[in-house]
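Worksheet: the structure to be examined is printed underneath.
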Amino acid sequence: MTGIDDLPVRDELRGKSPYGAPQLDVPVRLNTNENPYPLPDALVDRITERVRDAARTLNRYPDREAVELRTELARYLTGTAGHQVGVANLWAANGSNEVIQQLLQTFGGPGRTAIGFEPSYSMHALIARGTGTGWISGPRHEDFTIDVAAAERCIAENRPDVVFITSPNNPTGTAVDRETVLALYEAAQAAGPSMVVVDEAYGEFSHSPSLLPLIEGRPRLVLSRTMSKAFGAAGLRLGYLAADPAVVDAVQLVRLPYHLSSVTQATALAALEHTDTLLRYVEQLKAERDRVVGELRSIGYDVTESDANFIQFGRFQDASAAWRAILDRGVLIRDNGVPGWLRVSVGTPAENDAFLEAARALHKEITA
Ligand code: PMP
């Protein structure tokens with residue numbers, strides 16, 4: 001049988017594995033930081049209406065510039081993220097993964113490098129690889145916060161073309177403060193100048209305000225966001241960036257023509273009409289998150305501060321055995337390969353209770 005190795009794939013892809021959070025059929029799935037609440041019926045109806053309208057013109061290509069959608073995304077950010085932006089500051093793609101890919105195609109690529117402070121979102125390194133961009137793994141403190149002095153040194157030594165800052169960070173959960181972002185931006189400008197991408201996929205869940213205002217006067221700072229989490233629309237595949245209009249112009253050089261289907265644009269616009277309802281779910285999830293953090297601590301676990309819709313907890317001598325033990329109790333969580341730690345997404349109160357029960361039983365077993 002022909003295998004990948006029999007094909008002339010690029011050398012840097014040989015022997016590598018694709019991104020693969022297990023999609024297992026178990027009663028409680030808390031492993032991919034999805035929003036546990038299905039979209040409300042009124043929104044489903046609105047999507048149906050908008051998609052029906054879009055279907056009438058599916059013989060035509062979609063609006064290549066996605067102007068209406070970008071206008072509404074700008075309105076959403078202006079209303080919720082503490083800084084006024086307009087359509088020229090916004091760009092959208094199929095999930096923030098595609099936004100990140102377009103950024104690396106534009107500012108990374110062969111002969112160039114990107115840096116991320118690990119552990120962090122594993123797709124940054126994978127998309128770097130896919131775009132031929134060299135990857136540098138930057139340091140963090142023991143408590144998973146960014147070691148600013150070490151990060152500045154790392155940037156000065158390696159002079160990366162792209163710097164990723166994930167806030168709140170995945171899988172650890174904690175938001176990055178403004179001062180850290182500013183210090184790393186300065187370091188990146190002194191060394192580069194390079195682009196700094198703030199991945200705020202979980203921004204709406206944070207205890208701290210969005211880092212969006214930092215784009216003002218910093219043309220090489222890009223904020224990346226998604227509708228997959230706060231909007232409960234992971235299946236939609238809609239991510240976006242906010243930055244100086246020059247960045248939006250630059251990514252046009254690599255985007256595929258008509259990359260955002262009319263159906264996607266129609267669905268995202270319908271979801272944005274229901275922002276207020278969807279953000280109420282975010283508030284419920286934040287309260288549940290704080291409850292689960294408290295309960296995990298009272299069981300006796302170490303828990304990293306969470307500004308996201310997931311929680312990193314430990315410490316385990318054998319995290320993969322602990323992951324398996326929780327799965328055996330019908331709850332799928334995530335082993336991100338951070339030694340000693342596991343990550344659980346925040347679900348509905350009933351799902352969280354099922355997880356907490358499994359976590360309590362496991363703790364008893366481990367400490368017996
Ligand atoms: N950034 C971070 C930090 C994430 O955790 C994720 C999804 N898990 C993404 C980006 C990508 O999300 P999407 O492509 O669904 O927008």
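Ordering of the structure tokens sets the chain letters (A, B, ...), residue numbers begin anew at 1 in every chain, and ligands are numbered from 1 in the order given.
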Considering only C-alpha atoms, return as a list in words whatever protein or nucleic-acid residues lie within 12 Å of Tyr301 in chain A, sequence-local ones (same chain, fewer than 4 positions apart) excluded.
->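 Non-adjacent residues within range: Val292, Val293, Gly294, Glu295, Leu296, Arg297, Ile311, Gln312, Phe313, Gly314, Arg315, Phe316, Gly340, Trp341, Leu342, Leu356, Ala359, Arg360, Leu362, His363, Lys364, Ile366 and Thr367 of chain A.
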Output file for the residues above (C-alpha atoms, as a PDB file, in the first residue's frame):
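What ended up in selection.pdb:
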```pdb
ATOM      1  CA  VAL A 292     -15.128  25.008  38.671  1.00  0.00           C
ATOM      2  CA  VAL A 293     -11.791  26.698  39.511  1.00  0.00           C
ATOM      3  CA  GLY A 294     -12.948  27.066  43.134  1.00  0.00           C
ATOM      4  CA  GLU A 295     -14.164  23.480  43.364  1.00  0.00           C
ATOM      5  CA  LEU A 296     -11.011  22.027  41.804  1.00  0.00           C
ATOM      6  CA  ARG A 297      -8.935  23.953  44.338  1.00  0.00           C
ATOM      7  CA  ILE A 311      -9.046  25.472  33.020  1.00  0.00           C
ATOM      8  CA  GLN A 312      -5.589  23.956  33.407  1.00  0.00           C
ATOM      9  CA  PHE A 313      -5.275  21.810  36.515  1.00  0.00           C
ATOM     10  CA  GLY A 314      -2.780  19.350  38.013  1.00  0.00           C
ATOM     11  CA  ARG A 315      -0.367  18.349  39.076  1.00  0.00           C
ATOM     12  CA  PHE A 316      -0.167  14.757  38.062  1.00  0.00           C
ATOM     13  CA  GLY A 340       1.881  17.257  34.988  1.00  0.00           C
ATOM     14  CA  TRP A 341      -1.145  19.210  33.769  1.00  0.00           C
ATOM     15  CA  LEU A 342      -4.470  18.609  32.020  1.00  0.00           C
ATOM     16  CA  LEU A 356     -15.944  17.489  39.019  1.00  0.00           C
ATOM     17  CA  ALA A 359     -11.937  14.711  39.211  1.00  0.00           C
ATOM     18  CA  ARG A 360     -12.888  14.194  42.870  1.00  0.00           C
ATOM     19  CA  LEU A 362      -9.470  10.550  40.722  1.00  0.00           C
ATOM     20  CA  HIS A 363      -7.975  12.778  43.423  1.00  0.00           C
ATOM     21  CA  LYS A 364      -9.076  10.310  46.096  1.00  0.00           C
ATOM     22  CA  ILE A 366      -4.191   9.336  43.626  1.00  0.00           C
ATOM     23  CA  THR A 367      -3.853  10.507  47.209  1.00  0.00           C
TER      24      THR A 367
END
```
Which of range 174-351 of chain A counts as alpha helix (DSSP H) under DSSP, as a PyMOL selection string please?
-> chain A and resi 178-191+245-251+262-273+275-299+319-328+349-351
Find the residues near Thr106 in chain A: any atom within 7 Å, counting only C-alpha atoms, skip ones fewer than 4 places away on the same chain, and give them as a ChimeraX atom specification.
-> /A:102,250-251,254
Smallest atom-to-atom distance to Arg112 in chain A: which of A:Arg159, A:His124, A:His274, A:Lys16, using only C-alpha atoms?
-> A:Arg159
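Reported to one decimal place, the separation of CA of Glu283 in chain A from CA of Ala201 in chain A is 16.1 Å.
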List as a Markdown table every residue of chain A that is in contact with ligand 1, defined as an atom at most 9 Å from one of its atoms (using only C-alpha atoms and all ligand atoms), together with the nearest atom pair and the distance in Å rounded to one decimal, sorted by chain and then rising number.
```
| residue | atom | partner | partner_atom_place_in_ligand_line | distance |
| --- | --- | --- | --- | --- |
| A:Thr32 | CA | ligand 1 | 8 (N) | 6.4 |
| A:Asn33 | CA | ligand 1 | 8 (N) | 6.4 |
| A:Glu34 | CA | ligand 1 | 8 (N) | 8.1 |
| A:Ala93 | CA | ligand 1 | 16 (O) | 8.8 |
| A:Asn94 | CA | ligand 1 | 14 (O) | 7.0 |
| A:Gly95 | CA | ligand 1 | 14 (O) | 3.6 |
| A:Ser96 | CA | ligand 1 | 16 (O) | 3.6 |
| A:Asn97 | CA | ligand 1 | 14 (O) | 3.9 |
| A:Glu98 | CA | ligand 1 | 14 (O) | 6.6 |
| A:Val99 | CA | ligand 1 | 14 (O) | 8.0 |
| A:Ile100 | CA | ligand 1 | 10 (C) | 8.0 |
| A:Ser120 | CA | ligand 1 | 3 (C) | 7.5 |
| A:Tyr121 | CA | ligand 1 | 3 (C) | 5.1 |
| A:Ser122 | CA | ligand 1 | 5 (O) | 8.3 |
| A:Met123 | CA | ligand 1 | 10 (C) | 7.6 |
| A:His124 | CA | ligand 1 | 1 (N) | 8.1 |
| A:Thr166 | CA | ligand 1 | 3 (C) | 5.9 |
| A:Ser167 | CA | ligand 1 | 3 (C) | 7.5 |
| A:Pro168 | CA | ligand 1 | 3 (C) | 7.5 |
| A:Asn169 | CA | ligand 1 | 3 (C) | 6.3 |
| A:Asn170 | CA | ligand 1 | 3 (C) | 5.2 |
| A:Pro171 | CA | ligand 1 | 5 (O) | 7.5 |
| A:Asp199 | CA | ligand 1 | 1 (N) | 5.7 |
| A:Glu200 | CA | ligand 1 | 3 (C) | 6.7 |
| A:Ala201 | CA | ligand 1 | 1 (N) | 4.9 |
| A:Tyr202 | CA | ligand 1 | 3 (C) | 6.9 |
| A:Ser224 | CA | ligand 1 | 1 (N) | 7.8 |
| A:Arg225 | CA | ligand 1 | 16 (O) | 6.9 |
| A:Thr226 | CA | ligand 1 | 16 (O) | 4.4 |
| A:Met227 | CA | ligand 1 | 16 (O) | 6.4 |
| A:Ser228 | CA | ligand 1 | 15 (O) | 4.8 |
| A:Lys229 | CA | ligand 1 | 15 (O) | 7.5 |
| A:Ala233 | CA | ligand 1 | 15 (O) | 8.4 |
| A:Ala234 | CA | ligand 1 | 15 (O) | 5.5 |
| A:Gly235 | CA | ligand 1 | 15 (O) | 8.0 |
| A:Leu236 | CA | ligand 1 | 15 (O) | 8.4 |
| A:Arg237 | CA | ligand 1 | 15 (O) | 5.8 |
| A:Leu238 | CA | ligand 1 | 16 (O) | 6.0 |
| A:Gly239 | CA | ligand 1 | 16 (O) | 4.7 |
| A:Tyr240 | CA | ligand 1 | 16 (O) | 8.0 |
```
Name all residues at most 10 Å from Gly15 in chain A (count only C-alpha atoms; drop same-chain ones fewer than 2 positions away) and give them as a PyMOL selection string.
-> chain A and resi 4-5+11-13+17
How many Å separate CA of Leu211 in chain A from CA of Trp135 in chain A?
->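 Here the two named atoms are 24.4 Å from each other.
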